[in-house]
$ cat final05.cif   # mmCIF, C-alpha atoms
data_protein
#
loop_
_atom_site.label_atom_id
_atom_site.label_comp_id
_atom_site.auth_asym_id
_atom_site.auth_seq_id
_atom_site.Cartn_x
_atom_site.Cartn_y
_atom_site.Cartn_z
CA MET A 1442 25.10 -10.51 14.74
CA ASN A 1443 26.93 -7.46 16.00
CA MET A 1444 24.43 -4.78 17.00
CA THR A 1445 26.58 -1.76 16.15
CA LYS A 1446 27.30 -3.24 12.77
CA ASN A 1447 23.63 -3.95 12.36
CA ASN A 1448 22.75 -0.36 13.12
CA GLU A 1449 25.35 0.93 10.72
CA ASN A 1450 23.96 -1.30 8.04
CA ARG A 1451 20.46 -0.09 8.75
CA THR A 1452 21.26 3.50 7.94
CA ILE A 1453 22.60 2.72 4.48
CA LEU A 1454 19.96 0.16 3.59
CA PRO A 1455 18.38 1.08 0.24
CA GLU A 1456 14.58 1.19 0.10
CA PRO A 1457 14.29 -1.47 -2.66
CA THR A 1458 16.16 -3.87 -0.37
CA ILE A 1459 13.83 -3.09 2.55
CA ARG A 1460 10.91 -3.78 0.23
CA ARG A 1461 12.27 -7.16 -0.85
CA LEU A 1462 13.24 -8.42 2.64
CA PRO A 1463 9.60 -8.99 3.72
CA TRP A 1464 9.10 -11.13 0.59
CA TYR A 1465 11.99 -13.34 1.64
CA LEU A 1466 10.64 -13.42 5.17
CA SER A 1467 7.13 -14.49 4.19
CA TYR A 1468 8.58 -17.25 2.01
CA VAL A 1469 11.07 -18.63 4.56
CA ARG A 1470 8.45 -18.40 7.34
CA MET A 1471 6.33 -20.71 5.19
CA LEU A 1472 9.26 -23.11 4.74
CA ASP A 1473 9.95 -22.96 8.47
CA ASN A 1474 6.33 -23.91 9.19
CA MET A 1475 6.82 -26.88 6.89
CA ASN A 1476 9.99 -27.80 8.84
CA VAL A 1477 12.29 -27.27 5.88
CA GLY A 1478 15.88 -27.00 7.15
CA TYR A 1479 17.78 -25.23 4.38
CA VAL A 1480 17.00 -23.12 1.36
CA SER A 1481 19.27 -21.97 -1.45
CA SER A 1482 19.22 -18.52 -3.01
CA THR A 1483 18.46 -20.29 -6.31
CA GLN A 1484 15.32 -21.74 -4.78
CA ILE A 1485 14.26 -18.38 -3.30
CA SER A 1486 15.02 -16.80 -6.67
CA LYS A 1487 12.86 -19.29 -8.55
CA GLU A 1488 10.03 -18.93 -6.05
CA LEU A 1489 10.01 -15.13 -5.75
CA ASN A 1490 11.22 -14.10 -9.19
CA VAL A 1491 14.18 -12.09 -7.85
CA GLN A 1492 17.70 -12.74 -9.23
CA SER A 1493 19.74 -14.93 -6.88
CA SER A 1494 22.68 -12.50 -6.98
CA GLN A 1495 20.29 -9.80 -5.77
CA ILE A 1496 19.07 -12.04 -2.94
CA ALA A 1497 22.65 -12.76 -1.83
CA LYS A 1498 23.40 -9.02 -1.92
CA ASP A 1499 20.25 -8.09 0.03
CA LEU A 1500 20.96 -10.70 2.69
CA SER A 1501 24.60 -9.64 3.00
CA PHE A 1502 23.29 -6.35 4.48
CA LEU A 1503 22.17 -8.49 7.42
CA ASP A 1504 25.53 -10.25 7.61
CA ILE A 1505 23.83 -13.43 6.45
CA ARG A 1506 25.72 -15.66 4.08
CA GLY A 1507 24.61 -19.02 2.75
CA LYS A 1508 26.78 -22.13 2.92
CA THR A 1509 28.10 -23.54 -0.33
CA ARG A 1510 25.86 -26.29 -1.71
CA ILE A 1511 23.60 -26.14 1.40
CA GLY A 1512 22.24 -22.63 1.31
CA TYR A 1513 20.68 -20.69 4.19
CA GLU A 1514 19.49 -22.26 7.42
CA VAL A 1515 15.76 -21.53 7.26
CA HIS A 1516 14.96 -20.99 10.92
CA SER A 1517 17.88 -18.67 11.63
CA LEU A 1518 17.08 -16.79 8.42
CA VAL A 1519 13.52 -16.20 9.71
CA THR A 1520 14.85 -14.91 13.04
CA SER A 1521 17.51 -12.70 11.45
CA LEU A 1522 15.03 -11.17 9.02
CA GLU A 1523 12.45 -10.55 11.77
CA ASP A 1524 15.12 -9.00 14.02
CA PHE A 1525 16.50 -6.86 11.27
CA LEU A 1526 13.12 -5.66 10.02
CA GLY A 1527 12.01 -4.82 13.55
CA PHE A 1528 9.10 -7.29 13.41
CA ASN A 1529 10.25 -8.95 16.66
CA ARG A 1530 10.01 -5.76 18.73
CA HIS A 1531 6.82 -4.10 19.93
CA HIS A 1532 5.96 -0.76 18.36
CA ASP A 1533 2.90 0.97 19.77
CA ALA A 1534 0.72 2.93 17.39
CA VAL A 1535 -2.58 4.80 17.29
CA VAL A 1536 -5.11 4.85 14.47
CA ILE A 1537 -6.53 8.28 13.66
CA GLY A 1538 -9.77 7.96 11.74
CA THR A 1539 -11.77 4.84 12.60
CA GLY A 1540 -13.72 4.47 9.36
CA SER A 1541 -13.77 1.17 7.50
CA LEU A 1542 -10.02 1.06 6.78
CA GLY A 1543 -9.01 2.30 10.26
CA THR A 1544 -11.30 -0.24 11.90
CA ALA A 1545 -9.92 -3.02 9.68
CA LEU A 1546 -6.40 -2.19 10.78
CA MET A 1547 -7.47 -2.16 14.44
CA GLN A 1548 -9.03 -5.59 13.96
CA ASP A 1549 -6.20 -7.02 11.89
CA HIS A 1550 -4.21 -9.13 14.27
CA GLY A 1551 -1.86 -9.87 11.39
CA LEU A 1552 -0.11 -6.57 12.18
CA GLU A 1553 0.97 -7.94 15.56
CA HIS A 1554 3.05 -10.54 13.76
CA TYR A 1555 4.95 -7.60 12.31
CA GLY A 1556 5.54 -5.94 15.66
CA LEU A 1557 2.76 -3.37 15.40
CA ASN A 1558 0.58 -2.97 18.44
CA ILE A 1559 -2.39 -0.63 17.97
CA VAL A 1560 -3.24 0.71 21.44
CA ALA A 1561 -5.84 3.39 20.70
CA GLY A 1562 -8.07 4.85 18.05
CA PHE A 1563 -9.09 8.50 17.69
CA ASP A 1564 -12.08 9.94 15.92
CA VAL A 1565 -14.48 12.90 15.85
CA ARG A 1566 -17.65 10.78 15.61
CA GLY A 1567 -19.69 10.67 18.78
CA ASP A 1568 -21.05 7.22 17.95
CA VAL A 1569 -17.65 5.53 18.26
CA ILE A 1570 -15.90 7.65 20.93
CA GLY A 1571 -15.80 5.72 24.20
CA LYS A 1572 -16.42 2.40 22.46
CA GLN A 1573 -13.98 -0.34 21.54
CA LEU A 1574 -13.17 -1.53 18.02
CA GLY A 1575 -11.40 -4.89 17.76
CA GLY A 1576 -10.69 -4.61 21.49
CA VAL A 1577 -9.02 -1.20 21.07
CA PRO A 1578 -10.54 1.86 22.82
CA VAL A 1579 -11.58 4.85 20.72
CA PHE A 1580 -11.02 8.36 22.09
CA ASN A 1581 -12.00 11.86 21.03
CA ILE A 1582 -9.45 13.37 18.67
CA ALA A 1583 -9.64 16.51 20.84
CA ASP A 1584 -7.92 14.50 23.58
CA LEU A 1585 -5.05 13.27 21.41
CA THR A 1586 -2.43 15.66 22.82
CA SER A 1587 -3.21 14.97 26.48
CA TRP A 1588 -3.49 11.22 25.83
CA GLN A 1589 -0.17 11.28 24.02
CA GLN A 1590 1.54 13.15 26.88
CA GLU A 1591 0.67 10.23 29.09
CA HIS A 1592 1.41 7.39 26.68
CA GLY A 1593 4.18 8.69 24.43
CA VAL A 1594 3.38 6.63 21.35
CA SER A 1595 5.57 7.28 18.29
CA ILE A 1596 3.52 5.98 15.37
CA ALA A 1597 0.25 7.45 14.07
CA ILE A 1598 -1.70 5.64 11.38
CA LEU A 1599 -3.70 8.14 9.33
CA THR A 1600 -6.94 6.77 7.94
CA VAL A 1601 -8.90 10.04 7.94
CA PRO A 1602 -10.75 11.50 4.94
CA VAL A 1603 -8.32 13.05 2.48
CA GLU A 1604 -9.34 16.65 3.25
CA LYS A 1605 -8.37 16.11 6.90
CA ALA A 1606 -5.00 14.50 6.14
CA GLN A 1607 -2.69 17.49 6.62
CA GLU A 1608 -4.35 18.94 9.71
CA THR A 1609 -4.45 15.51 11.36
CA ALA A 1610 -0.78 15.00 10.55
CA ASP A 1611 0.03 18.43 12.01
CA LEU A 1612 -1.86 17.53 15.19
CA ALA A 1613 -0.11 14.17 15.54
CA ILE A 1614 3.30 15.77 15.05
CA ALA A 1615 2.52 18.61 17.47
CA SER A 1616 1.53 15.91 19.99
CA GLY A 1617 5.01 14.43 19.67
CA MET A 1618 4.50 11.56 17.25
CA THR A 1619 7.50 10.95 15.02
CA ALA A 1620 6.24 8.50 12.41
CA LEU A 1621 3.13 8.78 10.24
CA TRP A 1622 1.76 5.91 8.24
CA ASN A 1623 -0.37 7.74 5.72
CA PHE A 1624 -3.18 5.80 4.03
CA THR A 1625 -4.80 8.88 2.48
CA PRO A 1626 -3.98 9.82 -1.11
CA TYR A 1627 -2.83 13.21 0.20
CA ARG A 1628 0.86 14.08 0.05
CA ILE A 1629 1.56 15.15 3.62
CA LYS A 1630 4.14 17.80 4.51
CA ALA A 1631 6.12 17.29 7.70
CA PRO A 1632 9.24 18.73 9.33
CA GLU A 1633 12.55 16.94 8.83
CA GLY A 1634 12.99 14.09 11.26
CA VAL A 1635 9.39 12.92 10.98
CA VAL A 1636 9.13 9.57 9.19
CA ILE A 1637 6.35 9.33 6.62
CA ALA A 1638 5.33 6.15 4.82
CA ASN A 1639 2.65 6.49 2.18
CA THR A 1640 0.45 3.51 1.46
CA SER A 1641 -1.53 5.03 -1.35
CA ILE A 1642 -3.83 2.29 -2.45
CA TYR A 1643 -5.48 4.53 -5.02
CA ALA A 1644 -2.16 5.07 -6.79
CA HIS A 1645 -1.91 1.30 -7.12
CA LEU A 1646 -5.37 1.26 -8.69
CA ALA A 1647 -4.19 3.79 -11.26
CA ILE A 1648 -1.25 1.53 -12.05
CA ILE A 1649 -3.53 -1.49 -12.47
CA TYR A 1650 -5.87 0.38 -14.83
CA ASN A 1651 -2.98 1.77 -16.82
CA ARG A 1652 -1.18 -1.57 -17.20
CA MET A 1653 -4.42 -3.38 -18.10
CA GLN A 1654 -5.02 -0.89 -20.88
CA GLU A 1655 -1.49 -1.45 -22.13
CA HIS A 1656 -2.06 -5.19 -22.43
CA GLU A 1657 -5.36 -4.66 -24.23
CA GLN A 1658 -3.77 -2.75 -27.07
CA MET B 696 -8.03 15.28 -25.55
CA ASN B 697 -7.41 12.97 -28.49
CA MET B 698 -8.10 9.37 -27.49
CA THR B 699 -5.47 7.76 -29.68
CA LYS B 700 -2.88 10.15 -28.40
CA ASN B 701 -4.03 9.43 -24.89
CA ASN B 702 -3.59 5.70 -25.39
CA GLU B 703 -0.15 6.21 -26.84
CA ASN B 704 0.80 8.29 -23.84
CA ARG B 705 -0.52 5.70 -21.46
CA THR B 706 1.79 3.00 -22.68
CA ILE B 707 4.95 5.03 -22.10
CA LEU B 708 3.88 6.56 -18.80
CA PRO B 709 6.57 5.95 -16.17
CA GLU B 710 5.42 4.45 -12.85
CA PRO B 711 6.69 7.40 -10.70
CA THR B 712 4.45 9.69 -12.77
CA ILE B 713 1.44 7.40 -12.28
CA ARG B 714 2.17 7.47 -8.55
CA ARG B 715 2.24 11.27 -8.41
CA LEU B 716 -0.86 11.90 -10.53
CA PRO B 717 -3.27 10.75 -7.76
CA TRP B 718 -1.59 13.24 -5.38
CA TYR B 719 -2.31 16.06 -7.82
CA LEU B 720 -5.85 14.76 -8.25
CA SER B 721 -6.63 14.62 -4.53
CA TYR B 722 -5.33 18.17 -4.11
CA VAL B 723 -7.16 19.70 -7.07
CA ARG B 724 -10.35 17.83 -6.16
CA MET B 725 -10.15 19.61 -2.81
CA LEU B 726 -9.66 22.98 -4.52
CA ASP B 727 -12.56 22.20 -6.85
CA ASN B 728 -14.80 21.50 -3.86
CA MET B 729 -13.81 24.92 -2.48
CA ASN B 730 -14.74 26.45 -5.88
CA VAL B 731 -11.21 27.57 -6.62
CA GLY B 732 -10.95 28.39 -10.34
CA TYR B 733 -7.23 28.21 -11.13
CA VAL B 734 -4.09 26.76 -9.61
CA SER B 735 -0.45 27.29 -10.56
CA SER B 736 2.18 24.56 -10.62
CA THR B 737 4.08 26.64 -8.04
CA GLN B 738 1.11 26.37 -5.70
CA ILE B 739 0.76 22.61 -6.28
CA SER B 740 4.50 22.32 -5.78
CA LYS B 741 4.42 24.16 -2.46
CA GLU B 742 1.46 22.16 -1.26
CA LEU B 743 2.64 18.70 -2.29
CA ASN B 744 6.39 19.07 -2.04
CA VAL B 745 7.03 18.11 -5.67
CA GLN B 746 9.17 20.34 -7.92
CA SER B 747 7.03 22.48 -10.18
CA SER B 748 9.08 21.48 -13.25
CA GLN B 749 8.24 17.85 -12.41
CA ILE B 750 4.54 18.71 -12.11
CA ALA B 751 4.56 20.44 -15.50
CA LYS B 752 6.32 17.42 -17.02
CA ASP B 753 3.91 14.91 -15.43
CA LEU B 754 0.88 16.86 -16.61
CA SER B 755 2.29 17.24 -20.11
CA PHE B 756 1.83 13.45 -20.48
CA LEU B 757 -1.90 14.22 -20.32
CA ASP B 758 -1.59 17.02 -22.87
CA ILE B 759 -2.40 19.48 -20.11
CA ARG B 760 -0.56 22.77 -20.11
CA GLY B 761 -1.10 25.67 -17.76
CA LYS B 762 -1.70 29.22 -18.94
CA THR B 763 1.01 31.80 -18.25
CA ARG B 764 0.38 33.72 -15.02
CA ILE B 765 -3.01 31.96 -14.52
CA GLY B 766 -2.05 28.33 -14.21
CA TYR B 767 -4.31 25.32 -14.64
CA GLU B 768 -8.09 25.46 -14.72
CA VAL B 769 -8.98 23.44 -11.62
CA HIS B 770 -12.19 21.77 -12.74
CA SER B 771 -10.88 20.63 -16.10
CA LEU B 772 -7.69 19.42 -14.41
CA VAL B 773 -9.81 17.24 -12.11
CA THR B 774 -11.71 15.78 -15.07
CA SER B 775 -8.59 15.21 -17.16
CA LEU B 776 -6.78 13.47 -14.29
CA GLU B 777 -9.80 11.29 -13.50
CA ASP B 778 -10.20 10.36 -17.17
CA PHE B 779 -6.55 9.66 -17.62
CA LEU B 780 -6.18 7.60 -14.45
CA GLY B 781 -9.27 5.57 -15.31
CA PHE B 782 -11.10 6.70 -12.14
CA ASN B 783 -14.11 7.83 -14.20
CA ARG B 784 -14.73 4.41 -15.72
CA HIS B 785 -16.25 1.43 -13.91
CA HIS B 786 -13.94 -1.51 -13.26
CA ASP B 787 -15.55 -4.58 -11.72
CA ALA B 788 -13.53 -6.56 -9.22
CA VAL B 789 -13.88 -9.46 -6.80
CA VAL B 790 -12.34 -9.77 -3.36
CA ILE B 791 -10.83 -13.18 -2.58
CA GLY B 792 -10.44 -13.65 1.16
CA THR B 793 -13.08 -11.83 3.20
CA GLY B 794 -11.11 -11.42 6.43
CA SER B 795 -10.80 -8.03 8.11
CA LEU B 796 -8.91 -6.37 5.26
CA GLY B 797 -11.06 -7.94 2.54
CA THR B 798 -14.23 -6.92 4.34
CA ALA B 799 -12.91 -3.39 4.83
CA LEU B 800 -12.28 -3.07 1.11
CA MET B 801 -15.79 -4.38 0.37
CA GLN B 802 -17.23 -1.77 2.73
CA ASP B 803 -15.00 1.07 1.59
CA HIS B 804 -17.18 3.13 -0.69
CA GLY B 805 -14.15 5.37 -1.22
CA LEU B 806 -12.96 2.89 -3.86
CA GLU B 807 -16.02 3.69 -5.98
CA HIS B 808 -14.73 7.24 -6.33
CA TYR B 809 -11.71 5.69 -7.99
CA GLY B 810 -13.76 3.61 -10.43
CA LEU B 811 -13.50 0.32 -8.54
CA ASN B 812 -16.72 -1.60 -8.17
CA ILE B 813 -16.47 -4.70 -5.97
CA VAL B 814 -19.22 -7.03 -7.15
CA ALA B 815 -18.48 -10.24 -5.21
CA GLY B 816 -16.44 -11.76 -2.43
CA PHE B 817 -15.09 -15.30 -2.29
CA ASP B 818 -14.07 -17.30 0.76
CA VAL B 819 -13.73 -20.82 2.16
CA ARG B 820 -15.44 -20.08 5.48
CA GLY B 821 -18.93 -21.51 5.84
CA ASP B 822 -19.98 -18.70 8.19
CA VAL B 823 -19.68 -16.00 5.50
CA ILE B 824 -20.56 -17.89 2.29
CA GLY B 825 -24.07 -16.93 1.18
CA LYS B 826 -24.07 -13.77 3.29
CA GLN B 827 -23.47 -10.15 2.28
CA LEU B 828 -20.61 -7.95 3.47
CA GLY B 829 -21.03 -4.22 2.85
CA GLY B 830 -23.88 -5.09 0.48
CA VAL B 831 -21.65 -7.42 -1.55
CA PRO B 832 -22.52 -11.16 -1.79
CA VAL B 833 -19.95 -13.71 -0.64
CA PHE B 834 -19.59 -16.97 -2.58
CA ASN B 835 -17.71 -20.21 -2.10
CA ILE B 836 -14.21 -20.02 -3.58
CA ALA B 837 -14.93 -23.43 -5.16
CA ASP B 838 -17.46 -21.64 -7.38
CA LEU B 839 -15.05 -18.94 -8.58
CA THR B 840 -14.45 -20.43 -12.03
CA SER B 841 -18.12 -21.00 -12.83
CA TRP B 842 -19.08 -17.58 -11.41
CA GLN B 843 -16.34 -15.96 -13.47
CA GLN B 844 -17.49 -17.68 -16.69
CA GLU B 845 -20.82 -15.92 -16.25
CA HIS B 846 -19.57 -12.52 -15.10
CA GLY B 847 -16.16 -12.09 -16.77
CA VAL B 848 -14.58 -9.82 -14.18
CA SER B 849 -10.97 -8.83 -14.84
CA ILE B 850 -9.67 -7.74 -11.44
CA ALA B 851 -9.13 -9.97 -8.39
CA ILE B 852 -8.20 -8.44 -5.06
CA LEU B 853 -6.18 -10.94 -3.02
CA THR B 854 -6.65 -10.60 0.73
CA VAL B 855 -6.09 -14.24 1.62
CA PRO B 856 -3.60 -15.53 4.20
CA VAL B 857 -0.05 -15.40 2.87
CA GLU B 858 0.29 -19.19 2.53
CA LYS B 859 -2.72 -19.22 0.18
CA ALA B 860 -1.49 -16.34 -1.98
CA GLN B 861 0.04 -18.25 -4.89
CA GLU B 862 -2.64 -20.93 -5.20
CA THR B 863 -5.39 -18.29 -5.05
CA ALA B 864 -3.61 -16.25 -7.71
CA ASP B 865 -3.28 -19.37 -9.90
CA LEU B 866 -6.99 -20.04 -9.50
CA ALA B 867 -7.97 -16.46 -10.36
CA ILE B 868 -5.74 -16.49 -13.44
CA ALA B 869 -7.03 -19.91 -14.55
CA SER B 870 -10.55 -18.47 -14.20
CA GLY B 871 -9.63 -15.76 -16.68
CA MET B 872 -8.82 -12.79 -14.45
CA THR B 873 -6.08 -10.60 -15.88
CA ALA B 874 -5.21 -8.24 -13.02
CA LEU B 875 -4.34 -9.15 -9.44
CA TRP B 876 -4.20 -6.61 -6.66
CA ASN B 877 -2.08 -8.45 -4.13
CA PHE B 878 -2.35 -7.35 -0.49
CA THR B 879 -0.41 -10.34 0.85
CA PRO B 880 3.32 -10.02 1.55
CA TYR B 881 3.89 -12.91 -0.84
CA ARG B 882 5.61 -12.28 -4.15
CA ILE B 883 3.19 -13.82 -6.62
CA LYS B 884 4.35 -15.42 -9.86
CA ALA B 885 2.11 -15.00 -12.90
CA PRO B 886 2.34 -15.49 -16.64
CA GLU B 887 3.24 -12.54 -18.83
CA GLY B 888 0.22 -10.40 -19.63
CA VAL B 889 -1.23 -10.64 -16.14
CA VAL B 890 -1.05 -7.33 -14.29
CA ILE B 891 0.09 -7.55 -10.68
CA ALA B 892 0.07 -4.64 -8.24
CA ASN B 893 1.54 -5.31 -4.80
CA THR B 894 0.23 -3.30 -1.88
CA SER B 895 2.55 -4.75 0.72
CA ILE B 896 1.63 -2.89 3.84
CA TYR B 897 4.13 -4.90 5.88
CA ALA B 898 7.00 -3.72 3.72
CA HIS B 899 5.94 -0.18 4.57
CA LEU B 900 6.07 -1.08 8.26
CA ALA B 901 9.66 -2.27 7.80
CA ILE B 902 10.49 1.05 6.18
CA ILE B 903 8.91 2.98 9.06
CA TYR B 904 10.83 0.99 11.69
CA ASN B 905 14.08 1.34 9.79
CA ARG B 906 13.75 5.08 9.23
CA MET B 907 12.73 5.68 12.85
CA GLN B 908 15.86 3.91 14.02
CA GLU B 909 17.94 6.06 11.71
CA HIS B 910 16.55 9.24 13.26
CA GLU B 911 17.14 7.92 16.77
CA GLN B 912 20.88 7.51 16.21
#

$ encode --input "final05.cif" --output "structure tokens"
Amino acid sequence: MNMTKNNENRTILPEPTIRRLPWYLSYVRMLDNMNVGYVSSTQISKELNVQSSQIAKDLSFLDIRGKTRIGYEVHSLVTSLEDFLGFNRHHDAVVIGTGSLGTALMQDHGLEHYGLNIVAGFDVRGDVIGKQLGGVPVFNIADLTSWQQEHGVSIAILTVPVEKAQETADLAIASGMTALWNFTPYRIKAPEGVVIANTSIYAHLAIIYNRMQEHEQ
Amino acid sequence: MNMTKNNENRTILPEPTIRRLPWYLSYVRMLDNMNVGYVSSTQISKELNVQSSQIAKDLSFLDIRGKTRIGYEVHSLVTSLEDFLGFNRHHDAVVIGTGSLGTALMQDHGLEHYGLNIVAGFDVRGDVIGKQLGGVPVFNIADLTSWQQEHGVSIAILTVPVEKAQETADLAIASGMTALWNFTPYRIKAPEGVVIANTSIYAHLAIIYNRMQEHEQ
């Protein structure tokens, strides 16, 4: 795969495609673990409930094309997807707010399989500062800027209480972080050039409740 | 607010609106805690980076309209949003898979503020079965169906390893659960009428990596 081409493709990649690629990856990883050699888009389609024409289109962004009547080579599809999604490279991150969710993320070694390496936690609570959670040291939030000057980490994971979301984001950005993974239900404002991904689990709850009510009628 | 009207509105509510409503709620809850009486859509717009015409449109689904030059009454806006989103009602749920993420959700009392009441955990691991996590009892997954016949819970939270996602979902559905909150990166198949909400945190990681690379170019 040509790297320049890859990069060009990256910039025009639509978000729905980026959301579907990890589905394909988790499925073909499973096949790879079972030593399956080839998989067709029809099979992926049947398994994941995505139209096979859509799968072919999504994978063409990665310059991956299946062979007629054989399909995609499973192992190389796993590698290509991991490369393309960035899951094969190490990305250092800090967790700000080491409550139950923050601690879970620090302890979740699953994230490492997706290239995310949590190197530090930050908090205001005296009972956790100086300790380790899931093998990751926790520092005082007051030391974030000086810590960051030394370590230069790009990604901050925000798991603070909602009323602290914006000020924590401001602090992380002022410290030089360029990507915020926001788990609070607060809609964070940030200057252009700062990447924000919102994982708003409460919004998903609202969707569940709403759709359940629909079905009950 | 008329209940029939409310139900009618629910069914046609577009997903982007449902996703924005919790943002409004978290902001106006904060204002309410600060004893702020009124808020204009312009102010919400500035704070949350959503166009004020969009805010007015979203809130009109709830039959909420602001007063000219005064805006929305904060406290009643909080109550209306909570009612509408279902966060004021109790919804019982079980967690299947009590690993780090599952345990975090069982310990996260934040979910209670959104109407979610986790009443049981299920797992295959002998070291957790029969214990309590965050005050919630953990049972053997083999007992899910019989437990469910007694308790009739509708919502299953899936925090199992990805390769167990589909079989766990099948089991939950066969046991009579009608809504699955899927935290695995696997794209679950389910019969019509079963609500599925995917919180695919790994897909969000892919988006972060991709967008960061864009900015670096």

$ resolve_selection --input "final05.cif" --expression "the PyMOL selection byres ((chain B) within 6 of (chain A))" --output "PyMOL selection string"
chain B and resi 706+714+717-718+743+780+795-796+799+880-882+898+901+909

$ write_last_selection --input "final05.cif" --atoms "C-alpha atoms" --output "PDB file, in the coordinates of the input"
ATOM      1  CA  THR B 706       1.790   3.000 -22.680  1.00  0.00           C
ATOM      2  CA  ARG B 714       2.170   7.470  -8.550  1.00  0.00           C
ATOM      3  CA  PRO B 717      -3.270  10.750  -7.760  1.00  0.00           C
ATOM      4  CA  TRP B 718      -1.590  13.240  -5.380  1.00  0.00           C
ATOM      5  CA  LEU B 743       2.640  18.700  -2.290  1.00  0.00           C
ATOM      6  CA  LEU B 780      -6.180   7.600 -14.450  1.00  0.00           C
ATOM      7  CA  SER B 795     -10.800  -8.030   8.110  1.00  0.00           C
ATOM      8  CA  LEU B 796      -8.910  -6.370   5.260  1.00  0.00           C
ATOM      9  CA  ALA B 799     -12.910  -3.390   4.830  1.00  0.00           C
ATOM     10  CA  PRO B 880       3.320 -10.020   1.550  1.00  0.00           C
ATOM     11  CA  TYR B 881       3.890 -12.910  -0.840  1.00  0.00           C
ATOM     12  CA  ARG B 882       5.610 -12.280  -4.150  1.00  0.00           C
ATOM     13  CA  ALA B 898       7.000  -3.720   3.720  1.00  0.00           C
ATOM     14  CA  ALA B 901       9.660  -2.270   7.800  1.00  0.00           C
ATOM     15  CA  GLU B 909      17.940   6.060  11.710  1.00  0.00           C
TER      16      GLU B 909
END

$ residues_around --input "final05.cif" --residues "B:Val831" --least-positions-apart "5" --cutoff "9 Å" --atoms "all atoms listed in the file" --output "ChimeraX atom specification"
/B:801-802,813-816,826

$ atom_distance --input "final05.cif" --atom1 "atom CA of B:Ala869" --atom2 "atom CA of B:Thr840"
7.9 Å

$ closest_residue --input "final05.cif" --among "A:Ser1481, A:Thr1539, A:Val1469, A:His1516" --to "A:Leu1574" --atoms "all atoms listed in the file"
A:Thr1539

$ residues_around --input "final05.cif" --residues "A:Gly1507" --least-positions-apart "6" --cutoff "10 Å" --atoms "only C-alpha atoms" --output "ChimeraX atom specification"
/A:1479-1482,1497,1500-1501,1513-1514,1518

$ atom_distance --input "final05.cif" --atom1 "atom CA of A:Val1579" --atom2 "atom CA of A:Phe1563"
5.4 Å

$ residues_around --input "final05.cif" --residues "A:Leu1585" --least-positions-apart "4" --cutoff "9 Å" --atoms "only C-alpha atoms" --output "MDAnalysis selection string"
chainID A and resid 1563 1580:1581 1589:1590 1612:1613 1616

$ residues_around --input "final05.cif" --residues "B:Gly792" --least-positions-apart "5" --cutoff "6 Å" --atoms "only C-alpha atoms" --output "list in words"
Gly797, Asp818, Thr854 and Val855 of chain B
